[in-house]
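Structure first, then comments.
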Amino acid sequence: MSLSIVQGFSKSLAMTVLSEIGDKTFFAAAILAMRHPRRYVLAGCLSALIVMTILSAAVGWAAPNLISRTLTKHIATVLFLGFGLWSLWDAFHEGESEELAEVEAELDADLKASSETTRANGKGDDDAKKKNRPLLSQFLSPIFLKAFSITFFGEWGDKSQIATIGLAAAENPLGVVLGGILGQALCQTAAVFGGKSLATQISEKFIALSGGVLFIIFGIQSFFATVES
């Protein structure tokens with residue numbers, strides 16, 4: 001394995017873990033796993049994040065082919081430094097947010113609406129039908145699709161997605177994808193099996209501070225790499 005892949009992998013893994021722990025999609029996975037079968041929730045959330053990681057890395061890989069590599073690295077440097085300062089600002093000025101409560105309230109409203117629709121249509125023999133469905137159709141169940149859509153659209157345009165694009169433009173895209181997927185798998189597994197008890201113990205201020213420092217380190221490294229080239 002080449003050094004560039006290892007470097008992209010390690011940076012992507014660290015960035016993903018620090019960006020996703022305590023994120024809205026992390027809380028959503030934890031709450032969904034309390035209400036639905038964990039395997040469907042994990043499959044849906046993780047599938048969405050894998051697709052998002054690959055798409056983001058593809059955009060970052062294509063960027064140097066559309067504009068000059070030097071300009072791409074400058075943009076990546078600005079993004080990393082900007083996200084770093086943004087995260088540090090959040091850590092020191094916003095304190096502990098109420099994002100978990102907000103996500104739970106949104107999911108409660110969605111659950112209430114879907115329950116009313118289900119009662120109106122009649123459940124019938126839903127449980128028996130679920131057991132008799134093929135394995136693939138079970139994983140493409142409403143629970144899977146709900147977890148997928150909530151995670152995918154919750155992550156779209158998020159800071160971590162844009163950072164992945166910048167990282168893939170500056171580092172080996174394959175390493176970025178592999179590190180991102182592993183990081184997402186670790187975070188989502190922790191959210192699904194740790195549940196709300198784990199989510200409530202996470203210090204968002206510490207995560208934001210750690211993420212901010214990491215982004216600034218990436219920005220400084222990207223700056224010197226641009227100067228040297």
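Each chain in the structure tokens gets a letter, A, B, ..., in the order shown, and its residues are numbered from 1; ligands are numbered from 1 in order too.
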
For region 148-223 of chain A versus region 75-79 of chain A, which residues have an atom no more than 7 Å away, and what is each residue's nearest atom pair and distance in Å rounded to one decimal, using only C-alpha atoms, chain-then-number order, as a tab-separated table?
residue	atom	partner	partner_atom	distance
A:Gly166	CA	A:Ala76	CA	4.8
A:Leu167	CA	A:Ala76	CA	7.0
A:Ala170	CA	A:Ala76	CA	6.9
A:Gly219	CA	A:Thr77	CA	4.6
A:Ser222	CA	A:Thr77	CA	5.4
A:Phe223	CA	A:Thr77	CA	5.8

Pick out the residues sitting within 8 Å of Val176 (chain A), and hand them over as a PyMOL selection string; count only C-alpha atoms, and ignore anything fewer than 4 positions along from it in its own chain. chain A and resi 5+8-9+11-13+57+164+167-168+171-172+180

Output file for the selection above: all heavy atoms, as a short mmCIF file (atom, residue, chain, number, x, y, z; two decimals), in the first residue's frame:
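What landed in selection_39.cif:
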data_model
loop_
_atom_site.label_atom_id
_atom_site.label_comp_id
_atom_site.auth_asym_id
_atom_site.auth_seq_id
_atom_site.Cartn_x
_atom_site.Cartn_y
_atom_site.Cartn_z
N ILE A 5 -1.89 6.57 -0.06
CA ILE A 5 -3.15 5.95 0.36
C ILE A 5 -3.25 5.92 1.88
O ILE A 5 -4.29 6.22 2.46
CB ILE A 5 -3.27 4.53 -0.23
CG1 ILE A 5 -3.40 4.59 -1.75
CG2 ILE A 5 -4.48 3.82 0.37
CD1 ILE A 5 -3.51 3.24 -2.41
N GLY A 8 -3.95 9.46 3.13
CA GLY A 8 -5.34 9.83 2.90
C GLY A 8 -6.29 9.06 3.80
O GLY A 8 -7.26 9.61 4.31
N PHE A 9 -5.98 7.77 4.02
CA PHE A 9 -6.81 6.92 4.88
C PHE A 9 -6.81 7.43 6.32
O PHE A 9 -7.87 7.58 6.93
CB PHE A 9 -6.27 5.49 4.83
CG PHE A 9 -6.95 4.55 5.79
CD1 PHE A 9 -8.11 3.89 5.42
CD2 PHE A 9 -6.43 4.31 7.05
CE1 PHE A 9 -8.74 3.01 6.31
CE2 PHE A 9 -7.04 3.44 7.94
CZ PHE A 9 -8.20 2.80 7.56
N LYS A 11 -5.98 10.41 7.56
CA LYS A 11 -6.60 11.74 7.70
C LYS A 11 -8.12 11.65 7.60
O LYS A 11 -8.85 12.28 8.38
CB LYS A 11 -6.06 12.69 6.63
CG LYS A 11 -4.64 13.17 6.87
CD LYS A 11 -4.24 14.22 5.84
CE LYS A 11 -2.87 14.80 6.14
NZ LYS A 11 -2.50 15.86 5.18
N SER A 12 -8.59 10.86 6.65
CA SER A 12 -10.03 10.72 6.46
C SER A 12 -10.68 10.03 7.65
O SER A 12 -11.77 10.43 8.10
CB SER A 12 -10.31 9.93 5.18
OG SER A 12 -11.69 9.79 4.96
N LEU A 13 -10.02 9.01 8.18
CA LEU A 13 -10.55 8.30 9.34
C LEU A 13 -10.68 9.23 10.54
O LEU A 13 -11.73 9.28 11.20
CB LEU A 13 -9.65 7.11 9.67
CG LEU A 13 -10.01 6.30 10.93
CD1 LEU A 13 -11.40 5.70 10.80
CD2 LEU A 13 -8.98 5.21 11.18
N ALA A 57 -15.87 12.08 -2.46
CA ALA A 57 -14.51 11.81 -2.90
C ALA A 57 -14.39 11.92 -4.41
O ALA A 57 -13.36 12.39 -4.94
CB ALA A 57 -14.07 10.43 -2.43
N THR A 164 -14.71 16.35 3.16
CA THR A 164 -14.30 15.16 2.43
C THR A 164 -13.94 15.49 1.00
O THR A 164 -12.97 14.95 0.44
CB THR A 164 -15.44 14.10 2.45
OG1 THR A 164 -15.72 13.75 3.80
CG2 THR A 164 -15.03 12.85 1.69
N LEU A 167 -10.56 17.10 1.15
CA LEU A 167 -9.53 16.13 1.48
C LEU A 167 -9.21 15.24 0.28
O LEU A 167 -8.04 14.93 0.02
CB LEU A 167 -9.98 15.27 2.66
CG LEU A 167 -8.91 14.40 3.34
CD1 LEU A 167 -7.78 15.27 3.88
CD2 LEU A 167 -9.53 13.58 4.47
N ALA A 168 -10.24 14.84 -0.47
CA ALA A 168 -10.02 14.00 -1.65
C ALA A 168 -9.30 14.76 -2.75
O ALA A 168 -8.59 14.16 -3.56
CB ALA A 168 -11.36 13.48 -2.18
N GLU A 171 -5.58 14.76 -1.16
CA GLU A 171 -4.95 13.48 -0.83
C GLU A 171 -5.39 12.40 -1.82
O GLU A 171 -6.17 12.67 -2.74
CB GLU A 171 -5.33 13.07 0.60
CG GLU A 171 -4.94 14.06 1.67
CD GLU A 171 -3.44 14.17 1.88
OE1 GLU A 171 -2.71 13.24 1.45
OE2 GLU A 171 -3.00 15.17 2.47
N ASN A 172 -4.91 11.19 -1.61
CA ASN A 172 -5.30 10.07 -2.46
C ASN A 172 -6.78 9.74 -2.25
O ASN A 172 -7.18 9.41 -1.13
CB ASN A 172 -4.44 8.84 -2.12
CG ASN A 172 -4.67 7.69 -3.06
OD1 ASN A 172 -5.74 7.10 -3.08
ND2 ASN A 172 -3.66 7.34 -3.84
N GLY A 180 -12.87 7.09 5.21
CA GLY A 180 -14.20 7.63 5.50
C GLY A 180 -15.22 6.54 5.79
O GLY A 180 -16.02 6.66 6.72
#

Tell me, as JSON, numbers by chain, which residues lie within 8 Å of Leu46 (chain A), counting only C-alpha atoms; anything in the same chain fewer than 2 positions away does not count. {"A": [42, 43, 44, 48, 49, 50, 148, 184, 185, 188]}

Kindly assemble as a tab-separated table a list of the region 148-173 of chain A residues that lie within 8 Å of region 19-37 of chain A, each paired with its nearest atom pair and their distance in Å to one decimal, using only C-alpha atoms, sorted first by chain and then by ascending residue number.
residue	atom	partner	partner_atom	distance
A:Ile150	CA	A:Thr25	CA	7.7
A:Thr151	CA	A:Thr25	CA	5.6
A:Gly154	CA	A:Thr25	CA	6.4
A:Glu155	CA	A:Thr25	CA	7.0
A:Ser160	CA	A:Ser19	CA	6.0

Can I get the selection written as a short mmCIF file (atom, residue, chain, number, x, y, z; two decimals), in the first residue's frame, with N, CA and C atoms?
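again-v6.cif was written with the following content:
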data_model
loop_
_atom_site.label_atom_id
_atom_site.label_comp_id
_atom_site.auth_asym_id
_atom_site.auth_seq_id
_atom_site.Cartn_x
_atom_site.Cartn_y
_atom_site.Cartn_z
N ILE A 150 -33.12 9.87 5.86
CA ILE A 150 -32.83 10.82 6.93
C ILE A 150 -31.33 11.11 7.00
N THR A 151 -30.53 10.05 6.89
CA THR A 151 -29.08 10.21 6.98
C THR A 151 -28.52 10.91 5.76
N GLY A 154 -29.67 14.52 5.64
CA GLY A 154 -29.11 15.22 6.78
C GLY A 154 -27.63 15.52 6.60
N GLU A 155 -26.97 14.67 5.82
CA GLU A 155 -25.53 14.84 5.61
C GLU A 155 -25.23 15.72 4.40
N SER A 160 -18.88 18.02 7.12
CA SER A 160 -18.05 16.84 6.89
C SER A 160 -18.04 16.44 5.42
#

CA of Thr72 (chain A) and CA of Leu18 (chain A) are how many Å apart?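 Between these atoms lies a distance of 23.9 Å.
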